[in-house]
Amino acid sequence: MSDSEQPPAGGPPQPADGAPAEPPVTEPPVPEPLPTEPLSRTDSPDPAPVSRLLPRWLAPAGELPGPFRRAFWRSPIRGPWLTSVFGLILLAGVPVVFVTGLLSYAAYNPDLSPVNDTTPDKGWLGFYLFSWPTRPEWLYRVNQGVHVTLGLVLVPIVLAKLWSVLPKLFEWPPVRNPAHALERLTLFLLVGGGVFEFATGIMNIQQWYVFPGSFYTLHLYGGWIFVAALAVHTGLKFPTVVRAIRDRGLLRELRVSTARTQPEPPAAGYLASPDPATPTISRRGALAFAGGGSLLVLALSVGQSIGGPLRRVALLAPHGQDTGSGPDDFQINVTAADAHVTADQTGESWRLALALGGSAARSLTRAELLAMPQHTARLSINCVEGWSTGDQEWSGVRLRDLARLAGLASPAPVLVQSLERAGAFNRVVLSAGQVMDPDSLLAFRVNGADLSPDHGYPARVIVPAAPGVHNTKWVASMTFEG
């Protein structure tokens with residue numbers, strides 16, 4: 001543009017040739033109005049400040065530390081399939097343990113007398129109770145052996161199952177909707193009830209009584225809560241189990257090696273990791289590991305119930321290894337010293353007080369009792385803790401003969417009282433059926449020798465199929481209902 005040329009009207013002045021250009025003058029930008037709605041995670045470039053404004057229990061799962069983040073759990077074998085298989089194993093075993101536990105309680109004949117009832121406030125939970133039979137004589141031995149041994153065998157499976165669902169215990173948010181709330185509640189009761197039942201059962205086997213109340217009461221109530229939660233949880237999760245087994249197959253997945261193991265997709269369920277690590281064990285290996293643990297527990301516990309050579313390796317039942325010597329070489333639960341029963345009480349001054357109802361008791365010496373017709377029976381003592389003495393040869397007077405001697409005209413229960421004063425089972429009421437069984441004895445000898453003090457000298461009760469604690473030792477009196 002020449003000097004004579006004029007800038008367009010209204011335009012900015014033009015610099016001369018060679019002069020530096022001046023920057024255009026612009027108005028400052030008008031700031032955008034602040035949003036009136038609170039920012040969401042997607043609105044904010046930095047979500048952390050937003051979560052700090054919220055209660056921690058409302059914070060998004062991705063912002064929570066450690067195990068509350070789904071990506072924290074990286075096992076490539078965890079998922080609905082493995083959890084479902086462990087669940088099916090427990091679903092086969094737990095009902096058997098539960099039913100045998102209920103039968104174990106029934107064996108005490110709690111409805112017969114308050115003396116026998118360890119859980120008097122059970123209410124309708126005792127709807128199934130019946131008079132416990134004396135035949136077959138191995139009934140309680142098998143029932144309690146299955147209950148205790150199977151319970152121990154399932155412990156490795158329970159632990160593996162808990163490992164498989166561990167991410168669910170930290171799932172966030174804890175409740176999403178009513179259906180999810182019900183699932184979480186049953187999961188809490190299932191895990192809590194299962195841990196409680198297995199833990200208290202093991203503690204009872206080891207006679208480690210640190211319970212806040214009666215083991216029998218706590219174990220019975222805990223068992224009902226555990227099984228109720230299991231039933232509801234099974235109903236809620238059964239479609240997931242069916243889908244998981246159908247999608248991957250049962251036998252097909254068991255043939256997959258570690259090198260070929262593939263994680264389940266995150267869409268399969270919360271247990272499947274969104275960021276799985278490289279597999280170091282297959283699902284088949286995990287099942288074998290848990291199953292091997294169960295087989296080891298079986299080998300170390302079953303001998304206490306079935307006897308034979310395996311009794312020597314029943315290391316998980318050390319109480320079952322306490323024995324006498326010679327003819328008395330079988331398990332002792334409570335010794336005379338433990339029961340505070342002295343030689344003065346069991347010596348020549350001992351008498352059996354035999355009575356009918358409220359009538360005066362008849363006093364019998366041991367010599368008088370030995371002069372009565374003696375009967376021999378091969379019976380075992382079987383304890384609630386799962387161990388059994390195996391069959392021993394007992395000899396003594398039949399209880400039904402003592403009932404007739406007391407003046408009993410028809411079968412009736414009998415209250416048996418021990419010289420032991422402080423024990424929880426120092427007395428018992430035996431049913432009429434137990435009294436009338438031909439092998440129910442007031443025994444004085446075992447395996448051809450007098451009872452030892454620890455086995456109940458001068459006399460003890462032996463009843464077929466009865467719990468061990470009902471085979472009262474150091475008998476002081478017998479009172480028949482009349």
# chains A, B, ... in the order shown; residues from 1 in each chain; ligands from 1

call {"tool": "residues_around", "arguments": {"residues": "range 159-170 of chain A", "least_positions_apart": "2", "cutoff": "7 Å", "atoms": "only C-alpha atoms", "output": "list in words"}}
result
Pro67, Phe68, Trp73, Arg78, Thr83, Phe86, Gly87, Val155, Pro156, Ile157, Trp172, Leu271 and Ala290 of chain A

call {"tool": "closest_atom_pairs", "arguments": {"of": "range 365-415 of chain A", "to": "range 454-473 of chain A", "cutoff": "9 Å", "atoms": "only C-alpha atoms", "output": "CSV"}}
result
residue,atom,partner,partner_atom,distance
A:Arg366,CA,A:Pro458,CA,7.4
A:Leu379,CA,A:Pro464,CA,6.5
A:Ser380,CA,A:Pro464,CA,7.8
A:Ile381,CA,A:Gly468,CA,5.3
A:Asn382,CA,A:Gly468,CA,5.0
A:Cys383,CA,A:Gly468,CA,4.6
A:Val384,CA,A:Pro467,CA,6.6
A:Ser388,CA,A:Gly468,CA,8.8
A:Trp394,CA,A:Ile462,CA,8.0
A:Gly396,CA,A:Ala459,CA,8.6
A:Leu399,CA,A:Val461,CA,8.6

call {"tool": "closest_residue", "arguments": {"among": "A:His147, A:Arg283, A:His375, A:Arg70", "to": "Pro266 in chain A", "atoms": "only C-alpha atoms"}}
result
A:Arg70

call {"tool": "residues_around", "arguments": {"residues": "Trp474 in chain A", "least_positions_apart": "2", "cutoff": "12 Å", "atoms": "only C-alpha atoms", "output": "JSON, numbers by chain"}}
result
{"A": [334, 335, 336, 339, 340, 341, 342, 343, 345, 346, 347, 350, 351, 352, 416, 417, 418, 419, 420, 421, 426, 427, 442, 443, 444, 451, 452, 453, 454, 455, 456, 457, 458, 459, 460, 461, 462, 471, 472, 476, 477, 478]}

call {"tool": "closest_residue", "arguments": {"among": "A:Pro173, A:Gly249, A:Pro120, A:Gly223", "to": "Gly194 in chain A", "atoms": "only C-alpha atoms"}}
result
A:Gly223
